[in-house]
Amino acid sequence: MTTGVTVRRVHDVAGLAAVADHFSDVWHTPRTAPPYPAEVLHSLVHAGGAVHAVYDGQRLAGAAVAVLGAERSAYSLVAAAERGLGYAVKQAQRDWAVGLGARTMRWTFDPLVGRNARFNLVKLGAVGTEYLVDFYGAMTDGVNDGDESDRLTVTWDLTAPRPPYDTDTDTDTDTDAHGPVTRTAPDGGPLARRDLADRYVWCRVPGDIVKLRAADPALALRWRHAVREVFLEAFAEGFRATGMSRDGWYTLTRTEAAA
């Protein structure tokens, strides 16, 4: 961990209010209407959940909220940290959950945000296990407003060895070599490829969906629908999301049970 950076659980009213403000800033909402109000965070902590915060010195630089679920599983409701600090927050969540007997942790994220996909699938080693169409309905925060709220559920095996933070995998290889194009993206380039052995599907997402959404909401929505079609078709055939390349290509791998 970077010198001066610490992660700790937050229990006090002032600390939880600061976390609520942090989430407001990340999702561009007024601090009077945060995505996760301080009183809600306090109730989650009182119920046995955990709010972890990462501090760069004394400055709050990220936070995450998790609860313990059924069947030895935990659920992370939200996480947001400055670049380079998310890994420390997720490992703190992992240690907390494992200490309570959890074996897996689940959460959702926007599948069009490639950097989050790479973090979840490559850095942490989680697997995309469920595609949820318009999961939250219409959202009015400054990041998601005007789009449909599709989400990809990831499942993280907390008992698996931790991959090195700087892991590079074969998802960084040239995607063009993997198979023929099966769908065209809204920008006219390839959207999806499929290998001839029918074991893998690759799907591309835009370079920065947040900027695209702000600049051209209609084009962003076309990307949403195009990627949705690829994922729903692949997941129905037994594929799961297992990787993300640096240039924005998901790797979807057919599970053995569906082979």
# chains A, B, ... in the order shown; residues from 1 in each chain; ligands from 1

$ closest_atom_pairs --of "region 57-170 of chain A" --to "region 202-210 of chain A" --cutoff "12 Å" --atoms "only C-alpha atoms" --output "tab-separated table"
residue	atom	partner	partner_atom	distance
A:Asp110	CA	A:Ile209	CA	9.7
A:Pro111	CA	A:Val205	CA	8.2
A:Leu112	CA	A:Val205	CA	5.6
A:Val113	CA	A:Ile209	CA	6.2
A:Gly114	CA	A:Val205	CA	6.6
A:Arg115	CA	A:Asp208	CA	8.7
A:Asn116	CA	A:Asp208	CA	11.0
A:Ala117	CA	A:Val205	CA	10.2
A:Arg118	CA	A:Val205	CA	11.7
A:Gly142	CA	A:Val210	CA	9.7
A:Val143	CA	A:Val210	CA	6.6
A:Asn144	CA	A:Val210	CA	7.8
A:Asp145	CA	A:Val210	CA	10.1
A:Gly146	CA	A:Val210	CA	11.0
A:Asp147	CA	A:Val210	CA	10.2

$ write_last_selection --atoms "N, CA and C atoms" --output "short mmCIF file (atom, residue, chain, number, x, y, z; two decimals), in the first residue's frame"
data_model
loop_
_atom_site.label_atom_id
_atom_site.label_comp_id
_atom_site.auth_asym_id
_atom_site.auth_seq_id
_atom_site.Cartn_x
_atom_site.Cartn_y
_atom_site.Cartn_z
N ASP A 110 -21.60 -1.15 -13.95
CA ASP A 110 -22.02 -0.85 -15.31
C ASP A 110 -21.08 -1.56 -16.29
N PRO A 111 -21.57 -2.50 -17.09
CA PRO A 111 -20.68 -3.25 -17.98
C PRO A 111 -20.03 -2.41 -19.07
N LEU A 112 -20.54 -1.20 -19.32
CA LEU A 112 -19.94 -0.35 -20.33
C LEU A 112 -18.70 0.40 -19.81
N VAL A 113 -18.46 0.37 -18.51
CA VAL A 113 -17.30 1.05 -17.95
C VAL A 113 -16.12 0.06 -17.96
N GLY A 114 -15.33 0.14 -19.00
CA GLY A 114 -14.27 -0.84 -19.20
C GLY A 114 -13.23 -0.87 -18.10
N ARG A 115 -12.86 0.29 -17.55
CA ARG A 115 -11.83 0.30 -16.51
C ARG A 115 -12.30 -0.44 -15.26
N ASN A 116 -13.62 -0.35 -14.95
CA ASN A 116 -14.15 -1.09 -13.80
C ASN A 116 -14.20 -2.58 -14.10
N ALA A 117 -14.52 -2.93 -15.34
CA ALA A 117 -14.53 -4.34 -15.72
C ALA A 117 -13.13 -4.94 -15.58
N ARG A 118 -12.13 -4.21 -16.02
CA ARG A 118 -10.76 -4.73 -15.91
C ARG A 118 -10.36 -4.89 -14.46
N GLY A 142 -25.62 12.50 -11.65
CA GLY A 142 -24.89 13.16 -12.72
C GLY A 142 -24.03 12.26 -13.57
N VAL A 143 -23.92 10.99 -13.21
CA VAL A 143 -23.11 10.04 -13.97
C VAL A 143 -23.97 9.17 -14.89
N ASN A 144 -25.12 8.71 -14.38
CA ASN A 144 -25.94 7.75 -15.11
C ASN A 144 -27.18 8.34 -15.78
N ASP A 145 -27.47 9.60 -15.53
CA ASP A 145 -28.69 10.22 -16.04
C ASP A 145 -28.77 10.12 -17.56
N GLY A 146 -29.95 9.72 -18.05
CA GLY A 146 -30.18 9.63 -19.47
C GLY A 146 -29.89 8.27 -20.08
N ASP A 147 -29.41 7.35 -19.29
CA ASP A 147 -29.07 6.01 -19.79
C ASP A 147 -29.95 4.99 -19.10
#

$ select_by_dssp --residues "region 148-222 of chain A" --states "alpha helix (DSSP H)" --output "PyMOL selection string"
chain A and resi 209-215+217-222

$ closest_residue --among "A:Ala234, A:Ala38, A:Leu196, A:Ala74" --to "Arg103 (chain A)" --atoms "only C-alpha atoms"
A:Ala74

$ residues_around --residues "region 13-18 of chain A" --least-positions-apart "3" --cutoff "12 Å" --atoms "only C-alpha atoms" --output "ChimeraX atom specification"
/A:8-10,21-25,31-34,36-46,50-55,58-65

$ atom_distance --atom1 "CA of Val7 (chain A)" --atom2 "CA of Arg94 (chain A)"
12.5 Å

$ residues_around --residues "region 154-161 of chain A" --least-positions-apart "4" --cutoff "7 Å" --atoms "only C-alpha atoms" --output "number ranges by chain"
A: 94, 98, 103-108, 125-129

$ write_last_selection --atoms "C-alpha atoms" --output "PDB file, in the first residue's frame"
ATOM      1  CA  ARG A  94     -12.525  -9.289   1.615  1.00  0.00           C
ATOM      2  CA  VAL A  98     -13.765 -13.876   5.334  1.00  0.00           C
ATOM      3  CA  ARG A 103     -16.687 -17.551   0.930  1.00  0.00           C
ATOM      4  CA  THR A 104     -17.922 -15.306  -1.903  1.00  0.00           C
ATOM      5  CA  MET A 105     -18.776 -11.664  -2.434  1.00  0.00           C
ATOM      6  CA  ARG A 106     -21.065 -10.253  -5.124  1.00  0.00           C
ATOM      7  CA  TRP A 107     -21.685  -6.764  -6.493  1.00  0.00           C
ATOM      8  CA  THR A 108     -22.841  -5.089  -9.675  1.00  0.00           C
ATOM      9  CA  GLY A 125     -10.181 -12.192 -10.358  1.00  0.00           C
ATOM     10  CA  ALA A 126     -13.977 -12.021 -10.025  1.00  0.00           C
ATOM     11  CA  VAL A 127     -16.283 -13.495 -12.693  1.00  0.00           C
ATOM     12  CA  GLY A 128     -19.267 -11.853 -14.372  1.00  0.00           C
ATOM     13  CA  THR A 129     -22.106 -14.255 -13.608  1.00  0.00           C
TER      14      THR A 129
END

$ select_by_dssp --residues "region 126-241 of chain A" --states "strand (DSSP E)" --output "number ranges by chain"
A: 127-132, 151-157, 181-184, 190-194, 200-204, 239-241

$ write_last_selection --atoms "N, CA and C atoms" --output "mmCIF file, in the first residue's frame"
data_model
loop_
_atom_site.group_PDB
_atom_site.id
_atom_site.type_symbol
_atom_site.label_atom_id
_atom_site.label_comp_id
_atom_site.auth_asym_id
_atom_site.auth_seq_id
_atom_site.Cartn_x
_atom_site.Cartn_y
_atom_site.Cartn_z
ATOM 1 N N VAL A 127 -15.687 -12.999 -11.449
ATOM 2 C CA VAL A 127 -16.283 -13.495 -12.693
ATOM 3 C C VAL A 127 -17.653 -12.864 -12.864
ATOM 4 N N GLY A 128 -17.937 -12.390 -14.074
ATOM 5 C CA GLY A 128 -19.267 -11.853 -14.372
ATOM 6 C C GLY A 128 -20.247 -12.988 -14.547
ATOM 7 N N THR A 129 -21.228 -13.079 -13.655
ATOM 8 C CA THR A 129 -22.106 -14.255 -13.608
ATOM 9 C C THR A 129 -23.560 -13.980 -13.965
ATOM 10 N N GLU A 130 -23.943 -12.719 -14.118
ATOM 11 C CA GLU A 130 -25.356 -12.405 -14.369
ATOM 12 C C GLU A 130 -25.453 -11.046 -15.052
ATOM 13 N N TYR A 131 -26.263 -10.959 -16.117
ATOM 14 C CA TYR A 131 -26.492 -9.683 -16.779
ATOM 15 C C TYR A 131 -27.897 -9.206 -16.438
ATOM 16 N N LEU A 132 -27.994 -8.005 -15.876
ATOM 17 C CA LEU A 132 -29.258 -7.463 -15.386
ATOM 18 C C LEU A 132 -29.661 -6.269 -16.243
ATOM 19 N N ARG A 151 -26.667 -3.685 -15.534
ATOM 20 C CA ARG A 151 -25.570 -3.991 -14.631
ATOM 21 C C ARG A 151 -25.104 -5.429 -14.840
ATOM 22 N N LEU A 152 -23.816 -5.641 -14.605
ATOM 23 C CA LEU A 152 -23.236 -6.983 -14.629
ATOM 24 C C LEU A 152 -22.926 -7.384 -13.196
ATOM 25 N N THR A 153 -23.475 -8.508 -12.764
ATOM 26 C CA THR A 153 -23.152 -9.040 -11.444
ATOM 27 C C THR A 153 -21.844 -9.809 -11.534
ATOM 28 N N VAL A 154 -20.933 -9.522 -10.593
ATOM 29 C CA VAL A 154 -19.713 -10.311 -10.509
ATOM 30 C C VAL A 154 -19.715 -11.079 -9.197
ATOM 31 N N THR A 155 -19.133 -12.257 -9.246
ATOM 32 C CA THR A 155 -18.970 -13.095 -8.067
ATOM 33 C C THR A 155 -17.483 -13.291 -7.827
ATOM 34 N N TRP A 156 -17.059 -12.965 -6.616
ATOM 35 C CA TRP A 156 -15.641 -13.004 -6.242
ATOM 36 C C TRP A 156 -15.433 -14.149 -5.262
ATOM 37 N N ASP A 157 -14.605 -15.100 -5.637
ATOM 38 C CA ASP A 157 -14.264 -16.222 -4.767
ATOM 39 C C ASP A 157 -13.246 -15.737 -3.738
ATOM 40 N N VAL A 181 -15.607 -11.419 -36.948
ATOM 41 C CA VAL A 181 -16.570 -10.465 -36.406
ATOM 42 C C VAL A 181 -17.977 -11.010 -36.590
ATOM 43 N N THR A 182 -18.776 -10.959 -35.537
ATOM 44 C CA THR A 182 -20.162 -11.423 -35.602
ATOM 45 C C THR A 182 -21.175 -10.293 -35.471
ATOM 46 N N ARG A 183 -20.744 -9.133 -34.927
ATOM 47 C CA ARG A 183 -21.622 -7.970 -34.802
ATOM 48 C C ARG A 183 -20.799 -6.701 -34.992
ATOM 49 N N THR A 184 -21.475 -5.668 -35.482
ATOM 50 C CA THR A 184 -20.842 -4.376 -35.704
ATOM 51 C C THR A 184 -21.296 -3.394 -34.641
ATOM 52 N N PRO A 190 -15.813 -3.280 -35.156
ATOM 53 C CA PRO A 190 -16.304 -4.572 -34.661
ATOM 54 C C PRO A 190 -16.822 -4.453 -33.235
ATOM 55 N N LEU A 191 -17.930 -5.113 -32.965
ATOM 56 C CA LEU A 191 -18.492 -5.152 -31.611
ATOM 57 C C LEU A 191 -18.220 -6.487 -30.951
ATOM 58 N N ALA A 192 -18.432 -7.572 -31.689
ATOM 59 C CA ALA A 192 -18.295 -8.909 -31.106
ATOM 60 C C ALA A 192 -17.568 -9.830 -32.070
ATOM 61 N N ARG A 193 -16.815 -10.751 -31.488
ATOM 62 C CA ARG A 193 -16.131 -11.808 -32.226
ATOM 63 C C ARG A 193 -16.401 -13.130 -31.524
ATOM 64 N N ARG A 194 -16.246 -14.203 -32.254
ATOM 65 C CA ARG A 194 -16.490 -15.535 -31.677
ATOM 66 C C ARG A 194 -15.475 -16.502 -32.256
ATOM 67 N N TYR A 200 -15.215 -19.169 -26.839
ATOM 68 C CA TYR A 200 -15.053 -17.794 -26.381
ATOM 69 C C TYR A 200 -15.852 -16.832 -27.258
ATOM 70 N N VAL A 201 -16.342 -15.787 -26.612
ATOM 71 C CA VAL A 201 -16.917 -14.637 -27.293
ATOM 72 C C VAL A 201 -16.181 -13.415 -26.772
ATOM 73 N N TRP A 202 -15.885 -12.455 -27.666
ATOM 74 C CA TRP A 202 -15.276 -11.196 -27.249
ATOM 75 C C TRP A 202 -16.219 -10.059 -27.603
ATOM 76 N N CYS A 203 -16.361 -9.125 -26.697
ATOM 77 C CA CYS A 203 -17.284 -8.000 -26.889
ATOM 78 C C CYS A 203 -16.577 -6.706 -26.516
ATOM 79 N N ARG A 204 -16.663 -5.707 -27.393
ATOM 80 C CA ARG A 204 -15.987 -4.425 -27.181
ATOM 81 C C ARG A 204 -16.944 -3.409 -26.567
ATOM 82 N N PHE A 239 -22.121 -18.754 -21.330
ATOM 83 C CA PHE A 239 -20.860 -18.018 -21.218
ATOM 84 C C PHE A 239 -20.883 -17.155 -19.957
ATOM 85 N N ARG A 240 -19.693 -16.837 -19.459
ATOM 86 C CA ARG A 240 -19.537 -15.926 -18.336
ATOM 87 C C ARG A 240 -18.383 -14.970 -18.635
ATOM 88 N N ALA A 241 -18.439 -13.777 -18.067
ATOM 89 C CA ALA A 241 -17.403 -12.772 -18.314
ATOM 90 C C ALA A 241 -16.192 -13.079 -17.437
#

$ residues_around --residues "Pro163 (chain A)" --least-positions-apart "4" --cutoff "9 Å" --atoms "only C-alpha atoms" --output "number ranges by chain"
A: 122-125, 167

$ residues_around --residues "Leu68 (chain A)" --least-positions-apart "4" --cutoff "10 Å" --atoms "only C-alpha atoms" --output "list of chain:residue names"
A:Ala47, A:Gly48, A:Gly49, A:Ala50, A:Arg72, A:Ser73, A:Ala74, A:Tyr75, A:Ser76, A:Trp96, A:Ala97, A:Leu100, A:Gly101, A:Ala102, A:Met105

$ atom_distance --atom1 "CA of His28 (chain A)" --atom2 "CA of Asp216 (chain A)"
18.4 Å
